[in-house]
Structure formats: structure tokens, C-alpha cells
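S.K.: Contents of target-v3.csv (CSV, C-alpha atoms):
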chain,number,residue,atom,x,y,z
C,16,MET,CA,-99.1,-89.6,84.0
C,17,SER,CA,-98.7,-93.1,82.5
C,18,MET,CA,-99.0,-94.0,78.9
C,19,ARG,CA,-102.0,-96.2,79.8
C,20,HIS,CA,-103.8,-93.2,81.3
C,21,HIS,CA,-103.2,-91.2,78.1
C,22,LEU,CA,-104.6,-94.0,76.0
C,23,ARG,CA,-107.7,-94.2,78.2
C,24,ARG,CA,-108.3,-90.5,77.8
C,25,PHE,CA,-107.8,-90.7,74.1
C,26,ALA,CA,-110.3,-93.6,73.9
C,27,TYR,CA,-112.8,-91.6,75.9
C,28,ALA,CA,-112.5,-88.6,73.6
C,29,GLY,CA,-112.9,-90.8,70.6
C,30,LEU,CA,-116.0,-92.4,72.0
C,31,LEU,CA,-117.4,-88.9,72.7
C,32,VAL,CA,-116.8,-87.8,69.2
C,33,ALA,CA,-118.4,-90.9,67.8
C,34,LEU,CA,-121.5,-90.4,70.0
C,35,VAL,CA,-121.9,-86.8,68.8
C,36,ILE,CA,-121.6,-87.8,65.2
C,37,GLY,CA,-124.1,-90.7,65.7
C,38,ALA,CA,-126.6,-88.5,67.5
C,39,SER,CA,-126.4,-85.8,64.7
C,40,ARG,CA,-127.4,-88.5,62.2
C,41,LEU,CA,-130.2,-89.8,64.3
C,42,TRP,CA,-131.7,-86.3,65.0
C,43,PRO,CA,-130.6,-84.1,62.1
C,44,ASN,CA,-131.8,-80.6,61.3
C,45,ASP,CA,-135.0,-80.9,59.2
C,46,GLN,CA,-134.0,-78.6,56.4
C,47,SER,CA,-130.6,-80.2,55.7
C,48,ALA,CA,-132.1,-83.7,56.0
C,49,ASP,CA,-134.6,-82.8,53.3
C,50,ALA,CA,-131.9,-81.5,51.0
C,51,ALA,CA,-129.7,-84.4,51.6
C,52,SER,CA,-132.4,-87.0,51.0
C,53,GLN,CA,-133.9,-85.3,47.9
C,54,SER,CA,-133.7,-87.0,44.6
C,55,PRO,CA,-131.9,-85.2,41.7
C,56,VAL,CA,-135.4,-84.5,40.2
C,57,THR,CA,-136.6,-82.8,43.3
C,58,GLN,CA,-133.3,-81.0,43.7
C,59,ARG,CA,-133.6,-79.6,40.2
C,60,ALA,CA,-137.2,-78.6,40.9
C,61,ALA,CA,-136.2,-76.9,44.1
C,62,ALA,CA,-133.6,-74.9,42.2
C,63,LEU,CA,-136.5,-73.5,40.2
C,64,TYR,CA,-139.1,-73.4,42.9
C,65,SER,CA,-137.8,-73.2,46.5
C,66,ILE,CA,-141.2,-74.4,47.7
C,67,PHE,CA,-139.7,-77.9,47.3
C,68,ALA,CA,-136.8,-77.0,49.6
C,69,ARG,CA,-138.9,-76.1,52.6
C,70,ALA,CA,-139.5,-78.7,55.3
C,71,HIS,CA,-142.3,-81.1,54.7
C,72,VAL,CA,-145.4,-80.7,56.9
C,73,ALA,CA,-148.4,-83.0,57.2
C,74,SER,CA,-150.6,-81.0,54.9
C,75,ASP,CA,-148.1,-81.7,52.1
C,76,ASP,CA,-149.1,-85.3,52.0
C,77,VAL,CA,-150.8,-86.1,48.7
C,78,PRO,CA,-154.1,-87.9,49.1
C,79,ALA,CA,-154.0,-91.6,48.2
C,80,GLY,CA,-154.7,-92.1,44.5
C,81,LEU,CA,-154.3,-88.5,43.4
C,82,ILE,CA,-151.1,-89.2,41.5
C,83,ARG,CA,-151.7,-92.1,39.2
C,84,ALA,CA,-149.0,-94.6,38.5
C,85,ARG,CA,-149.3,-93.7,34.8
C,86,ASP,CA,-148.5,-90.1,35.5
C,87,ALA,CA,-145.7,-90.8,37.8
C,88,ASP,CA,-144.1,-93.1,35.1
C,89,GLU,CA,-144.7,-90.8,32.1
C,90,LEU,CA,-144.0,-87.5,33.7
C,91,GLY,CA,-141.4,-88.5,36.3
C,92,LEU,CA,-143.6,-87.2,39.1
C,93,GLU,CA,-142.3,-87.5,42.7
C,94,PRO,CA,-145.4,-87.2,44.9
C,95,SER,CA,-143.4,-87.9,48.1
C,96,SER,CA,-141.7,-84.5,47.6
C,97,ALA,CA,-145.0,-82.7,46.7
C,98,ARG,CA,-145.9,-79.5,48.6
C,99,ARG,CA,-149.4,-78.2,49.0
C,100,ALA,CA,-149.7,-75.0,46.9
C,101,TYR,CA,-153.3,-73.9,47.4
C,102,ALA,CA,-156.6,-74.9,48.9
C,103,ASP,CA,-160.1,-73.5,49.0
C,104,SER,CA,-163.5,-75.0,49.5
C,105,HIS,CA,-163.6,-76.6,46.1
C,106,ARG,CA,-160.0,-77.5,45.2
C,107,LEU,CA,-156.8,-78.8,46.7
C,108,ILE,CA,-153.7,-78.1,44.6
C,109,PHE,CA,-150.2,-79.7,45.0
C,110,ALA,CA,-147.0,-78.7,43.4
C,111,VAL,CA,-145.2,-81.9,42.4
C,112,PRO,CA,-141.6,-82.2,41.2
C,113,SER,CA,-141.3,-83.7,37.7
C,114,THR,CA,-138.6,-84.5,35.2
C,115,ARG,CA,-140.3,-81.6,33.3
C,116,GLY,CA,-139.6,-79.3,36.2
C,117,ALA,CA,-142.8,-79.2,38.2
C,118,CYS,CA,-146.5,-80.0,37.7
C,119,LEU,CA,-149.7,-78.9,39.5
C,120,SER,CA,-152.1,-81.7,40.6
C,121,ILE,CA,-155.6,-80.7,41.5
C,122,ARG,CA,-158.2,-82.6,43.4
C,123,LEU,CA,-161.8,-81.4,43.4
C,124,ASN,CA,-164.2,-82.0,46.2
C,125,ASP,CA,-166.4,-84.2,44.0
C,126,GLY,CA,-163.5,-86.7,43.7
C,127,SER,CA,-162.4,-85.9,40.2
C,128,SER,CA,-158.9,-84.7,39.5
C,129,GLY,CA,-156.5,-83.4,36.9
C,130,LEU,CA,-153.0,-82.0,36.4
C,131,ASN,CA,-151.1,-79.5,34.3
C,132,CYS,CA,-147.4,-79.6,33.4
C,133,GLY,CA,-146.5,-76.3,31.8
C,134,ALA,CA,-145.2,-76.0,28.2
C,135,ALA,CA,-141.5,-76.4,27.8
C,136,GLY,CA,-139.7,-73.8,29.9
C,137,GLN,CA,-142.9,-72.4,31.4
C,138,PRO,CA,-144.2,-72.8,34.9
C,139,PRO,CA,-147.4,-74.9,35.3
C,140,VAL,CA,-150.8,-73.1,35.8
C,141,LEU,CA,-154.3,-74.3,36.6
C,142,MET,CA,-156.8,-71.9,35.0
C,143,SER,CA,-160.1,-70.9,36.5
C,144,TYR,CA,-162.9,-68.6,35.7
C,145,ALA,CA,-162.7,-67.8,39.5
C,146,GLY,CA,-158.9,-67.0,39.4
C,147,ALA,CA,-156.0,-69.1,38.1
C,148,VAL,CA,-153.4,-70.6,40.4
C,149,GLY,CA,-149.9,-71.2,39.2
C,150,LEU,CA,-146.2,-71.5,40.2
C,151,VAL,CA,-143.8,-68.7,39.8
C,152,PRO,CA,-140.0,-69.3,39.6
C,153,ASN,CA,-137.6,-68.2,42.3
C,154,GLY,CA,-136.6,-64.6,42.1
C,155,VAL,CA,-139.8,-63.3,40.6
C,156,THR,CA,-141.1,-60.7,43.0
C,157,ALA,CA,-144.0,-59.2,41.0
C,158,LEU,CA,-146.8,-60.3,38.7
C,159,ARG,CA,-148.4,-58.0,36.2
C,160,TYR,CA,-152.1,-58.8,35.5
C,161,THR,CA,-153.9,-57.3,32.5
C,162,MET,CA,-157.6,-57.3,33.3
C,163,ASP,CA,-160.4,-57.9,30.9
C,164,ASP,CA,-161.2,-54.2,30.8
C,165,GLY,CA,-157.6,-53.4,29.8
C,166,SER,CA,-156.5,-52.1,33.2
C,167,VAL,CA,-153.2,-53.3,34.8
C,168,LEU,CA,-152.6,-54.6,38.3
C,169,GLU,CA,-149.3,-55.6,39.9
C,170,ALA,CA,-149.2,-58.0,42.8
C,171,ALA,CA,-146.5,-60.0,44.7
C,172,PRO,CA,-146.6,-63.8,44.6
C,173,SER,CA,-147.0,-65.8,47.8
C,174,GLY,CA,-143.7,-67.6,47.8
C,175,ASN,CA,-143.7,-69.6,44.5
C,176,VAL,CA,-147.5,-69.5,44.2
C,177,TRP,CA,-149.7,-66.9,42.5
C,178,HIS,CA,-153.5,-66.7,42.6
C,179,GLY,CA,-154.9,-64.4,40.0
C,180,PRO,CA,-158.0,-62.2,40.2
C,181,ALA,CA,-161.1,-63.6,38.5
C,182,ASN,CA,-161.2,-60.8,35.9
C,183,ALA,CA,-157.5,-61.1,34.9
C,184,ALA,CA,-157.1,-61.8,31.1
C,185,SER,CA,-153.3,-62.4,31.2
C,186,VAL,CA,-150.4,-62.5,33.6
C,187,GLN,CA,-146.7,-61.7,33.1
C,188,PHE,CA,-143.8,-62.4,35.5
C,189,VAL,CA,-142.1,-59.1,35.8
C,190,GLY,CA,-138.4,-59.1,35.1
C,191,THR,CA,-138.4,-62.4,33.1
C,192,ALA,CA,-138.3,-63.2,29.5
C,193,LEU,CA,-141.3,-65.5,29.9
C,194,PRO,CA,-144.2,-64.6,27.6
C,195,PRO,CA,-147.5,-63.5,29.1
C,196,THR,CA,-149.8,-66.3,29.9
C,197,GLU,CA,-153.4,-65.9,28.7
C,198,LEU,CA,-155.9,-66.5,31.4
C,199,THR,CA,-159.7,-67.2,31.4
C,200,PRO,CA,-161.5,-64.3,33.0
C,201,ALA,CA,-165.0,-64.9,34.3
C,202,SER,CA,-166.3,-62.8,31.4
C,203,SER,CA,-165.0,-65.3,28.9
C,204,ILE,CA,-167.3,-68.2,29.9
C,205,PRO,CA,-168.8,-69.4,26.5
C,206,ALA,CA,-172.3,-68.3,25.7
C,207,GLY,CA,-174.8,-71.1,26.4
C,208,ALA,CA,-172.5,-72.8,29.0
C,209,THR,CA,-172.7,-72.9,32.8
C,210,LEU,CA,-169.9,-72.9,35.3
C,211,HIS,CA,-170.6,-75.5,38.0
C,212,PRO,CA,-169.2,-75.2,41.5
C,213,ASN,CA,-166.6,-77.9,40.9
C,214,GLY,CA,-165.1,-76.0,37.9
C,215,VAL,CA,-166.7,-78.0,35.2
C,216,VAL,CA,-168.3,-75.9,32.4
C,217,SER,CA,-171.1,-77.6,30.4
C,218,ASN,CA,-174.4,-77.1,28.8
C,219,GLY,CA,-175.7,-80.6,28.5
C,220,ASP,CA,-176.9,-83.2,31.0
C,221,PHE,CA,-173.8,-85.2,31.6
C,222,GLY,CA,-175.0,-86.5,34.9
C,223,VAL,CA,-174.1,-85.3,38.4
C,224,GLU,CA,-170.7,-86.9,38.2
C,225,LEU,CA,-169.6,-84.3,35.7
C,226,GLY,CA,-171.9,-81.4,36.4
C,227,GLY,CA,-171.1,-81.2,40.1
M,11,MET,CA,-160.3,-67.1,6.5
M,12,GLN,CA,-161.9,-68.9,9.4
M,13,SER,CA,-163.8,-71.4,7.2
M,14,ARG,CA,-160.5,-72.1,5.4
M,15,SER,CA,-158.9,-72.7,8.8
M,16,ILE,CA,-161.6,-75.0,9.9
M,17,ARG,CA,-161.4,-76.9,6.6
M,18,ARG,CA,-157.7,-77.3,7.1
M,19,SER,CA,-158.4,-78.6,10.6
M,20,LEU,CA,-161.0,-81.0,9.3
M,21,CYS,CA,-158.7,-82.4,6.7
M,22,ALA,CA,-155.9,-82.9,9.2
M,23,ALA,CA,-158.3,-84.6,11.6
M,24,ALA,CA,-159.7,-86.8,8.7
M,25,ALA,CA,-156.1,-87.9,8.0
M,26,VAL,CA,-155.6,-88.8,11.6
M,27,THR,CA,-158.7,-90.8,11.7
M,28,ALA,CA,-157.8,-92.6,8.5
M,29,LEU,CA,-154.4,-93.5,9.9
M,30,GLY,CA,-156.0,-94.9,13.0
M,31,LEU,CA,-153.2,-93.6,15.1
M,32,GLY,CA,-152.5,-94.6,18.7
M,33,HIS,CA,-155.1,-97.2,19.4
M,34,VAL,CA,-154.4,-99.3,22.4
M,35,SER,CA,-156.6,-101.8,24.1
M,36,THR,CA,-155.9,-103.6,27.4
M,37,GLY,CA,-158.4,-105.8,29.2
M,38,SER,CA,-161.7,-104.0,29.6
M,39,ALA,CA,-160.2,-100.5,29.4
M,40,ALA,CA,-159.3,-99.0,26.1
M,41,SER,CA,-157.7,-95.8,24.9
M,42,ASP,CA,-157.3,-94.0,21.7
M,43,SER,CA,-156.1,-90.7,20.2
M,44,ILE,CA,-158.4,-87.8,19.6
M,45,ILE,CA,-156.2,-85.7,17.4
M,46,TYR,CA,-152.5,-85.1,16.6
M,47,ASN,CA,-150.8,-82.0,15.3
M,48,TYR,CA,-154.1,-80.2,14.9
M,49,TYR,CA,-154.5,-76.4,14.5
M,50,GLU,CA,-157.7,-75.8,16.4
M,51,PRO,CA,-159.4,-72.5,15.6
M,52,ALA,CA,-160.7,-70.2,18.4
M,53,GLY,CA,-164.0,-71.4,19.8
M,54,VAL,CA,-163.8,-74.8,18.1
M,55,SER,CA,-164.4,-78.2,19.8
M,56,TYR,CA,-163.2,-81.3,18.1
M,57,ALA,CA,-164.8,-84.6,19.2
M,58,THR,CA,-163.9,-88.2,18.3
M,59,SER,CA,-166.2,-90.1,15.9
M,60,ALA,CA,-166.8,-92.9,18.4
M,61,ALA,CA,-168.6,-92.6,21.8
M,62,HIS,CA,-168.1,-94.7,24.8
M,63,SER,CA,-169.4,-94.9,28.4
M,64,GLY,CA,-167.3,-94.7,31.5
M,65,ILE,CA,-164.7,-92.1,30.3
M,66,THR,CA,-161.9,-92.2,32.9
M,67,ALA,CA,-159.3,-89.8,31.4
M,68,VAL,CA,-158.9,-87.2,28.7
M,69,ASP,CA,-155.7,-85.4,28.0
M,70,GLU,CA,-154.1,-83.0,25.5
M,71,THR,CA,-150.9,-81.2,25.0
M,72,ALA,CA,-151.2,-77.7,23.4
M,73,ASP,CA,-149.4,-74.4,23.2
M,74,HIS,CA,-152.2,-72.2,24.5
M,75,THR,CA,-155.7,-72.5,26.0
M,76,ALA,CA,-157.0,-75.8,24.6
M,77,CYS,CA,-158.6,-78.1,27.2
M,78,PRO,CA,-159.5,-81.8,27.4
M,79,ALA,CA,-163.3,-82.2,27.1
M,80,VAL,CA,-166.2,-84.7,26.6
M,81,ALA,CA,-169.0,-84.2,24.2
M,82,SER,CA,-172.3,-85.5,22.9
M,83,GLY,CA,-174.5,-84.7,19.9
M,84,TYR,CA,-171.6,-84.1,17.5
M,85,SER,CA,-168.3,-85.5,16.2
M,86,SER,CA,-165.4,-83.9,14.4
M,87,ALA,CA,-165.2,-80.1,14.5
M,88,THR,CA,-167.9,-77.7,15.5
M,89,LEU,CA,-168.0,-73.9,16.2
M,90,GLN,CA,-171.1,-74.5,18.2
M,91,PRO,CA,-170.1,-76.8,21.0
M,92,PHE,CA,-172.8,-75.5,23.4
M,93,THR,CA,-175.8,-75.0,21.1
M,94,ASN,CA,-177.6,-76.6,18.1
M,95,GLY,CA,-178.0,-79.9,19.9
M,96,HIS,CA,-174.3,-80.1,20.8
M,97,ASN,CA,-173.3,-80.7,24.4
M,98,THR,CA,-169.7,-80.2,25.7
M,99,ALA,CA,-168.1,-80.3,29.2
M,100,TYR,CA,-164.6,-79.4,30.2
M,101,LEU,CA,-162.8,-78.7,33.5
M,102,SER,CA,-162.0,-75.0,33.5
M,103,TYR,CA,-158.8,-75.5,35.5
M,104,LEU,CA,-157.2,-77.4,32.6
M,105,CYS,CA,-157.2,-74.8,29.8
M,106,GLY,CA,-153.6,-73.7,29.9
M,107,PRO,CA,-150.5,-74.3,27.9
M,108,GLY,CA,-148.6,-77.6,28.3
M,109,LEU,CA,-150.0,-81.0,29.2
M,110,ASN,CA,-153.4,-81.2,30.7
M,111,ARG,CA,-154.9,-84.4,32.0
M,112,TRP,CA,-158.5,-84.7,33.3
M,113,TYR,CA,-159.7,-87.6,35.4
M,114,PRO,CA,-163.5,-87.0,35.5
M,115,ASN,CA,-165.7,-89.2,37.6
M,116,PRO,CA,-166.8,-91.7,35.0
M,117,SER,CA,-170.2,-91.0,33.5
M,118,SER,CA,-172.6,-93.8,32.5
M,119,GLY,CA,-173.6,-91.8,29.4
M,120,TYR,CA,-172.1,-92.4,26.0
M,121,LEU,CA,-169.7,-89.5,25.3
M,122,HIS,CA,-167.1,-88.6,22.9
M,123,GLY,CA,-163.6,-87.6,23.9
M,124,ALA,CA,-162.9,-84.0,22.8
M,125,VAL,CA,-160.6,-81.0,22.8
M,126,TYR,CA,-162.1,-77.6,23.1
M,127,ASN,CA,-160.3,-74.3,22.5
M,128,PRO,CA,-162.1,-71.7,24.6
M,129,ASN,CA,-160.0,-68.8,23.4
M,130,GLN,CA,-161.9,-66.2,21.5
M,131,SER,CA,-159.2,-65.1,19.0
M,132,THR,CA,-156.2,-67.5,18.7
M,133,THR,CA,-155.8,-70.8,16.9
M,134,ASP,CA,-154.1,-73.3,19.2
M,135,PHE,CA,-151.7,-76.0,18.1
M,136,VAL,CA,-152.7,-79.3,19.7
M,137,SER,CA,-149.7,-81.6,19.4
M,138,SER,CA,-151.5,-84.7,20.9
M,139,SER,CA,-154.7,-85.7,22.7
M,140,GLY,CA,-156.1,-89.0,23.9
M,141,TRP,CA,-158.8,-90.5,26.0
M,142,THR,CA,-159.5,-93.7,28.0
M,143,TRP,CA,-162.7,-95.4,28.8
M,144,GLY,CA,-164.1,-98.5,30.5
M,145,GLY,CA,-162.1,-100.7,32.8
What is this structure when it is put down as C-alpha cells?
M.R.:
Amino acid sequence: MSMRHHLRRFAYAGLLVALVIGASRLWPNDQSADAASQSPVTQRAAALYSIFARAHVASDDVPAGLIRARDADELGLEPSSARRAYADSHRLIFAVPSTRGACLSIRLNDGSSGLNCGAAGQPPVLMSYAGAVGLVPNGVTALRYTMDDGSVLEAAPSGNVWHGPANAASVQFVGTALPPTELTPASSIPAGATLHPNGVVSNGDFGVELGG
Amino acid sequence: MQSRSIRRSLCAAAAVTALGLGHVSTGSAASDSIIYNYYEPAGVSYATSAAHSGITAVDETADHTACPAVASGYSSATLQPFTNGHNTAYLSYLCGPGLNRWYPNPSSGYLHGAVYNPNQSTTDFVSSSGWTWGG
């Protein structure tokens, strides 16, 4: 076999290797592509809440205008890495990586919105008289609810998300040093006030925009 | 004990108002602080002295259950936010520890920015709160 023939075979082999490497970059595995392209903020959030490490799906897209520029700037929010955490007929909730760890952004079906970024070292939570929704850190496998009648109920989170019963007065993440989080059971709605379908509690006539 | 606590809160709030902290005005929108470093007793709502139409944002940072709110019929602190001619509205989802920010659909009515502590037993520490209107 001639030297020229060897060189040609070597060149063909090299070309094949280059094509394989190029193709793997064009059509990468979804999970590793997400991890490789994540910002340091999202990577830190994913280390706490693996919901941010799962592959993005269409329902994770944050509606236009939900994350305000002011919030993105002040809180270091990264809406492009958000993941849908919870949805029901009244509310749509997204977990959003932040320089504070993670925040929960909520959009109500009347068009109003809000967000919670938990206290330092604590996961975010969106309260509700109909059952709170919050994030739970990786590794927590059980939640202990204390009900407004004093009884105790244990339940497992759904991934990094928990949705408490309407009559829960507090929740504790079992096996962590995090303090219990006080909740707002349905029985604690203030006297004289009314809970509207959009989650607003009021007694006065603030107009349909607020009252829902 | 409770009246002393409220008196302490009122004094703190008066000091904040006197200092005029945090006022910013840009174009037709304006924002201002509601309270800073305020120990808000259980069941108390604290409202700003001024009222404006078109409130677009209310926020607060607290250690417990305080929530951003809007109010009419009163200013400063009240233990009766829902009676005695006092009207208060808050978004129940935003009554947890940390930073809570509410973007209500702007109302045409003249309202006060407020912070309400719905808890029935614990004084909350509100480290900051602000509101934005107009624009």
C-alpha cells in the first residue's frame, strides 16, 4: 500500500470525525444543551431547585409583560429560564431564577400580577386562602402541614413544588433546619372582608379592576 | 401592650413621613415609600397620608405575613382596616415572608398605598415598602 493511499485513508477518517463532532453540536441532547447554555444564576438556582434543570417545554414560556424590566434588573430575574410551577383556573405561576435564588411570579386571569422572592435563605411562597403554592428545595421528600384545628398532615411535594391544603395554618419541610412557614388558612380571612375569585380580599368598592 | 406597640409604630411612621424618604418622580409616573423599618402589629394596616389614582405597583419586604395593599377612608395605622368607614384591598397570594410586589390593574379611584399584616398574633417587621402611581 502506498504512502499516498495511507494519507487518503487518514484524511477520510479525519473528515468523518469532524462530521460527527459537528453533527453533535448541531443536534445536541436537550438536557446537556440546557445545562451548557445556562447562566451562572440559573445554574445556582438549579442546584437548589432541579426544576430549572429539566428540559424547557412550550408551557414554560412566560407571557409577554409578566416579568417587568424593573424586576429583572433589581432582582436579577432570568425569565428565559423560567419553568411553569402551577396553574389552575385563576392563576398561572412560574418559578424564575434570580440572584436571590428563585422567585415565584403569578399572573391572574384578570390581568393583574405579582411576585414573591422568599426571605433570605428561604424558598419563595405564594400564599392563598385556597391553598398556598411554594417551592421546596432539592432533597426534601416530605412536608408537614399543621392544620387550623391543630391536626398534622404529611404529604410529598410534586418535584420542587408544593400546594398546601386550604385549611393548613403552617408548613414545615421535613428534615431541614428551615423554620415553619405560617400560612393563611381559609378560616383566617379577616372579619368584614370578602375573598374575590381572583384572590383579592377587600371590603370596599375599589372597582371591578381590583375586586375581580 | 398592644396600644404601646401601635404607638411605637405610629411614632416610627411619623418619623419616616417627616424625613420624606424615598420620593422619586419621573415623567407622569411617581413613586414613594410607604414605611421603612416598621414593626407592624397583628391585624394593623398602615396607609400613606396621600392618595393617588392609577396605582400600578405596591411592594413590601417583611419577615412574616405582611402584604402590599391599597386603602381608602384612612391614613396611617388602623386596627380596623375593614370596618368603621375604612376600606382595604390586598392580594391574598402576596402575604408571605420576603419581597412581595403587586401589580394591580390600575383603579381610577383615589387610593392610598398600604401594608396590611393579616396575622392574628404576631408583629411583623417591614423593612421597606413603596408604591407607584400614574404614568
S.K.: Give one line per residue of chain C that approaches chain M to at most 8 Å, naming the two atoms of the closest pair and their distance in Å to one decimal, counting all atoms listed in the file; sort by chain then ascending residue number and deliver it as a tab-separated table.
M.R.:
residue	atom	partner	partner_atom	distance
C:Gly126	CA	M:Asn115	CA	6.9
C:Ser127	CA	M:Pro114	CA	5.0
C:Ser128	CA	M:Tyr113	CA	5.1
C:Gly129	CA	M:Trp112	CA	4.3
C:Leu130	CA	M:Arg111	CA	5.4
C:Asn131	CA	M:Asn110	CA	4.6
C:Cys132	CA	M:Leu109	CA	5.1
C:Gly133	CA	M:Gly108	CA	4.3
C:Ala134	CA	M:Gly108	CA	3.8
C:Ala135	CA	M:Gly108	CA	7.2
C:Pro139	CA	M:Gly108	CA	7.6
C:Val140	CA	M:Gly106	CA	6.6
C:Leu141	CA	M:Tyr103	CA	4.8
C:Met142	CA	M:Tyr103	CA	4.1
C:Ser143	CA	M:Tyr103	CA	4.9
C:Tyr144	CA	M:Ser102	CA	6.8
C:Ala147	CA	M:Tyr103	CA	7.5
C:Glu197	CA	M:Thr75	CA	7.5
C:Leu198	CA	M:Gly106	CA	7.7
C:Pro205	CA	M:Pro128	CA	7.3
C:Ala206	CA	M:Phe92	CA	7.6
C:Gly207	CA	M:Phe92	CA	5.7
C:Ala208	CA	M:Phe92	CA	6.2
C:Gly214	CA	M:Ser102	CA	5.5
C:Val215	CA	M:Leu101	CA	4.3
C:Val216	CA	M:Ala99	CA	5.4
C:Ser217	CA	M:Ala99	CA	4.2
C:Asn218	CA	M:Asn97	CA	5.8
C:Gly219	CA	M:Asn97	CA	4.8
C:Asp220	CA	M:Asn97	CA	7.9
C:Phe221	CA	M:Gly119	CA	7.0
C:Gly222	CA	M:Ser117	CA	6.7
C:Glu224	CA	M:Asn115	CA	5.5
C:Leu225	CA	M:Asn115	CA	6.5
S.K.: Please tell me which residues are no farther than 10 Å from (-156.9, -65.5, 16.1) in the file, counting all atoms listed in the file, and write them as a list in words.
M.R.: Gln12, Pro51, Ala52, Gly53, Asn129, Gln130, Ser131, Thr132, Thr133 and Asp134 of chain M
S.K.: In Å to one decimal, how far is CA of Ala171 (chain C) from CA of Pro138 (chain C)?
M.R.: 16.3 Å
S.K.: What gap, in Å, lies between CA of Thr114 (chain C) and CA of Gly80 (chain C)?
M.R.: 20.1 Å
S.K.: What is the CA of Thr58 (chain M)-CA of Asp42 (chain M) distance in Å, reported with one decimal?
M.R.: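 So the answer is 9.4 Å.
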S.K.: Would you please work out which residue, of C:Val189, C:Ala87, C:Val176, C:Val167, is nearest to Leu150 (chain C) when using all atoms listed in the file?
M.R.: C:Val176
S.K.: Residues near Phe67 (chain C), anyone? I mean within 8 Å using only C-alpha atoms, not counting same-chain ones fewer than 6 positions away, as a compact mmCIF listing (two decimals) with C-alpha atoms, in the coordinates of the input.
M.R.:
# COMPACT_ATOMS: atom_id res chain seq x y z
CA THR C 57 -136.60 -82.80 43.30
CA GLN C 58 -133.30 -81.00 43.70
CA ALA C 60 -137.20 -78.60 40.90
CA ALA C 61 -136.20 -76.90 44.10
CA SER C 96 -141.70 -84.50 47.60
CA ALA C 97 -145.00 -82.70 46.70
CA ARG C 98 -145.90 -79.50 48.60
CA PRO C 112 -141.60 -82.20 41.20
S.K.: With distances taken over only C-alpha atoms, which of C:Glu89, C:Gly174, C:Pro200, C:Ile121 is nearest to Ala102 (chain C)?
M.R.: C:Ile121
S.K.: Using only C-alpha atoms for the distances, tell me which of C:Glu169, C:His71, C:Val56, C:Asn124 is nearest to Leu92 (chain C).
M.R.: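 Checking each of C:Glu169, C:His71, C:Val56, C:Asn124 against Leu92 (chain C), counting only C-alpha atoms, the winner is C:Val56.
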S.K.: List as a PyMOL selection string the protein and nucleic acid residues near Leu168 (chain C), meaning an atom at most 10 Å away when only C-alpha atoms are counted, but skip any in the same chain fewer than 6 places from it.
M.R.: chain C and resi 158-162+180+183+186
